[in-house]
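Asks: Provided herewith: entry.tsv, TSV, C-alpha atoms.
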```
chain	number	residue	atom	x	y	z
A	386	MET	CA	-17.11	-61.94	200.78
A	387	GLN	CA	-18.53	-65.38	201.62
A	388	LEU	CA	-21.06	-64.94	198.83
A	389	GLY	CA	-18.18	-64.46	196.38
A	390	GLY	CA	-16.61	-67.71	197.54
A	391	LEU	CA	-19.90	-69.56	197.13
A	392	LEU	CA	-20.33	-68.17	193.63
A	393	LEU	CA	-16.82	-69.30	192.71
A	394	ALA	CA	-17.60	-72.79	194.01
A	395	GLU	CA	-20.61	-72.85	191.69
A	396	GLY	CA	-18.46	-71.78	188.73
A	397	LYS	CA	-20.01	-68.30	188.57
A	398	THR	CA	-16.76	-66.38	188.23
A	399	ALA	CA	-18.20	-63.16	186.78
A	400	GLU	CA	-20.73	-62.87	189.58
A	401	ALA	CA	-18.06	-63.64	192.20
A	402	LEU	CA	-15.81	-60.94	190.76
A	403	GLU	CA	-18.65	-58.45	191.01
A	404	VAL	CA	-19.13	-59.30	194.69
A	405	PHE	CA	-15.39	-59.11	195.38
A	406	ARG	CA	-15.10	-55.76	193.57
A	407	GLN	CA	-17.86	-54.41	195.81
A	408	VAL	CA	-15.78	-55.51	198.79
A	409	LYS	CA	-12.74	-53.83	197.25
A	410	GLY	CA	-14.69	-50.63	196.59
A	411	SER	CA	-15.87	-50.37	200.18
A	412	GLN	CA	-12.43	-49.44	201.57
A	413	SER	CA	-11.88	-52.95	202.87
A	414	ALA	CA	-9.00	-53.93	205.11
A	415	PRO	CA	-5.96	-55.52	203.47
A	416	THR	CA	-6.88	-58.85	205.11
A	417	GLU	CA	-10.27	-58.86	203.36
A	418	LEU	CA	-8.66	-58.02	200.02
A	419	ARG	CA	-6.18	-60.85	200.54
A	420	GLU	CA	-9.02	-63.28	201.22
A	421	CYS	CA	-10.68	-62.27	197.95
A	422	GLY	CA	-7.38	-62.83	196.16
A	423	ARG	CA	-6.85	-66.20	197.80
A	424	ALA	CA	-10.35	-67.36	196.86
A	425	LEU	CA	-9.72	-66.35	193.25
A	426	SER	CA	-6.34	-68.12	193.24
A	427	GLU	CA	-7.94	-71.29	194.55
A	428	ALA	CA	-10.41	-71.04	191.66
A	429	GLN	CA	-7.42	-70.67	189.30
A	430	GLU	CA	-8.41	-67.09	188.44
A	431	PHE	CA	-4.84	-65.90	188.88
A	432	LYS	CA	-4.99	-62.62	186.97
A	433	ALA	CA	-8.05	-61.51	188.95
A	434	ALA	CA	-6.40	-62.69	192.17
A	435	GLY	CA	-3.48	-60.39	191.44
A	436	GLU	CA	-5.83	-57.41	191.29
A	437	PHE	CA	-6.97	-57.98	194.87
A	438	LEU	CA	-3.57	-58.98	196.23
A	439	ASN	CA	-2.01	-55.86	194.71
A	440	ALA	CA	-4.76	-53.78	196.35
A	441	ALA	CA	-3.96	-55.40	199.71
A	442	LEU	CA	-0.28	-54.56	199.21
A	443	ALA	CA	-1.09	-50.98	198.19
A	444	ALA	CA	-2.81	-50.59	201.55
A	445	ASP	CA	-0.03	-52.41	203.47
A	446	PRO	CA	3.22	-52.86	201.51
A	447	GLU	CA	4.73	-55.02	204.30
A	448	TYR	CA	1.87	-57.55	204.32
A	449	VAL	CA	4.09	-60.61	203.81
A	450	GLN	CA	1.28	-63.16	203.42
A	451	ALA	CA	-0.33	-61.08	200.66
A	452	ARG	CA	3.03	-60.72	198.93
A	453	MET	CA	3.58	-64.49	199.05
A	454	ASP	CA	0.07	-65.09	197.67
A	455	LEU	CA	0.73	-62.56	194.90
A	456	ALA	CA	4.00	-64.31	194.03
A	457	THR	CA	2.12	-67.60	193.75
A	458	ALA	CA	-0.65	-66.12	191.60
A	459	GLU	CA	1.86	-64.39	189.34
A	460	SER	CA	3.86	-67.60	188.95
A	461	HIS	CA	0.77	-69.23	187.48
A	462	ASP	CA	-0.24	-66.21	185.41
A	463	GLN	CA	3.12	-64.80	184.26
A	464	GLY	CA	5.85	-67.31	185.06
A	465	PRO	CA	8.52	-67.94	187.69
A	466	GLU	CA	10.57	-64.79	187.11
A	467	ASN	CA	7.82	-62.67	188.64
A	468	THR	CA	7.60	-65.01	191.60
A	469	LEU	CA	11.21	-64.39	192.56
A	470	ALA	CA	10.95	-60.65	191.97
A	471	GLU	CA	7.88	-60.44	194.20
A	472	LEU	CA	9.47	-62.49	196.98
A	473	GLU	CA	12.54	-60.28	196.92
A	474	LYS	CA	10.31	-57.31	197.87
A	475	ILE	CA	9.75	-58.85	201.29
A	476	PRO	CA	11.75	-56.88	203.88
A	477	PRO	CA	14.99	-58.73	204.77
A	478	GLU	CA	14.04	-59.16	208.42
A	479	GLN	CA	10.87	-61.01	207.39
A	480	ARG	CA	12.43	-63.27	204.75
A	481	LYS	CA	13.58	-66.01	207.10
A	482	GLY	CA	13.52	-69.14	204.95
A	483	ILE	CA	11.42	-67.63	202.16
A	484	ILE	CA	14.14	-66.43	199.81
A	485	SER	CA	16.34	-69.48	200.35
A	486	CYS	CA	13.37	-71.63	199.31
A	487	SER	CA	12.79	-69.48	196.24
A	488	GLY	CA	16.49	-69.78	195.41
A	489	ARG	CA	16.16	-73.55	195.43
A	490	LEU	CA	13.07	-73.19	193.23
A	491	ALA	CA	15.01	-71.02	190.79
A	492	ALA	CA	17.92	-73.48	190.74
A	493	SER	CA	15.56	-76.36	190.04
A	494	GLN	CA	13.88	-74.46	187.24
A	495	HIS	CA	17.25	-73.51	185.79
A	496	ARG	CA	18.26	-77.17	185.67
A	497	LEU	CA	14.98	-77.84	183.86
A	498	GLY	CA	15.72	-75.07	181.34
A	499	GLY	CA	13.66	-72.37	183.06
A	500	LEU	CA	15.36	-69.32	184.52
A	501	ALA	CA	18.62	-68.15	183.02
A	502	GLY	CA	21.20	-66.81	185.41
A	503	TYR	CA	20.15	-68.83	188.45
A	504	GLY	CA	21.67	-72.00	189.82
```
Let me see the structure of the file written as structure tokens.

Replies:
Amino acid sequence: MQLGGLLLAEGKTAEALEVFRQVKGSQSAPTELRECGRALSEAQEFKAAGEFLNAALAADPEYVQARMDLATAESHDQGPENTLAELEKIPPEQRKGIISCSGRLAASQHRLGGLAGYG
């Protein structure tokens, strides 16, 4: 996994993806898949990041940190509507402060002409 991060830092995205997909194919723990996704997000490879974050969530649907990372990646790749939908999948008992922040985000975006129906 560290090799993938080094390759990303050198701008070798295709090679990094190959390394990360080997990690993914080796029945990795959700935490390792999340780290691959986070590294890809930091390199602004948001669509690829989603692949790994979704895999982490398939293994552990209640993995809140992975869900938050996926929401962030999807906001860059697909827009803010997906961010809110992803955050709303977090179990209510684990939402403390998260959804209220996303509500303020939605209200701000609505005022800026973004999301209809919020605000």

Asks: Excluding region 447-464 of chain A and its own-chain neighbours fewer than 4 positions away, which residues fall within 6 Å of it when counting all atoms listed in the file? Please give them as a list in words.

Replies: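 Listed by chain and then number, they are Arg419, Phe431, Gly435, Leu438, Thr468 and Glu471 of chain A.
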
Asks: Mind listing as number ranges by chain all residues within 7 Å of (-6.2, -55.3, 202.3), counting only C-alpha atoms?

Replies: A: 413-419, 440-442, 444-445

Asks: Please report the interatomic distance between CA of Leu469 (chain A) and CA of Leu425 (chain A) in Å with one decimal.

Replies: 21.0 Å

Asks: Need to verify the contact set: Leu388 (chain A), 9 Å, all atoms listed in the file, exclusion of same-chain residues closer than 4 positions in sequence. Can you return it as a PyMOL selection string?

Replies: chain A and resi 392-393+401+404-405

Asks: Residues of the last selection are to be written out with C-alpha atoms, as a tab-separated table (two decimals), keeping the file's coordinate frame.

Replies:
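The resulting file, part.tsv, is reproduced below:
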```
chain	number	residue	atom	x	y	z
A	392	LEU	CA	-20.33	-68.17	193.63
A	393	LEU	CA	-16.82	-69.30	192.71
A	401	ALA	CA	-18.06	-63.64	192.20
A	404	VAL	CA	-19.13	-59.30	194.69
A	405	PHE	CA	-15.39	-59.11	195.38
```

Asks: Distance CA of Lys409 (chain A)-CA of Gln479 (chain A), one decimal place?

Replies: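 Here the two named atoms are 26.7 Å from each other.
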
Asks: Could you work out how far CA of Arg406 (chain A) lies from CA of Gly422 (chain A), giving the answer in Å with one decimal?

Replies: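 That distance, rounded to one decimal, is 10.8 Å.
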
Asks: For a quick check of understanding, using only C-alpha atoms, which of A:Glu473, A:Gln407, A:Asn439, A:Cys421 has the smallest distance to Gly390 (chain A)?

Replies: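 Of A:Glu473, A:Gln407, A:Asn439, A:Cys421, the one nearest Gly390 (chain A) is A:Cys421, counting only C-alpha atoms.
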
Asks: So, with all atoms listed in the file as the atoms that count, which of A:Ala394, A:Pro476, A:Ala443, A:Met386 lies closest to Ser411 (chain A)?

Replies: A:Met386

Asks: Give the answer as one residue: which of A:Arg423, A:Phe437, A:Lys397, A:Glu478 has the shortest atom-to-atom distance to Gly410 (chain A), using only C-alpha atoms?

Replies: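 Ranked by minimum distance to Gly410 (chain A), first place goes to A:Phe437.
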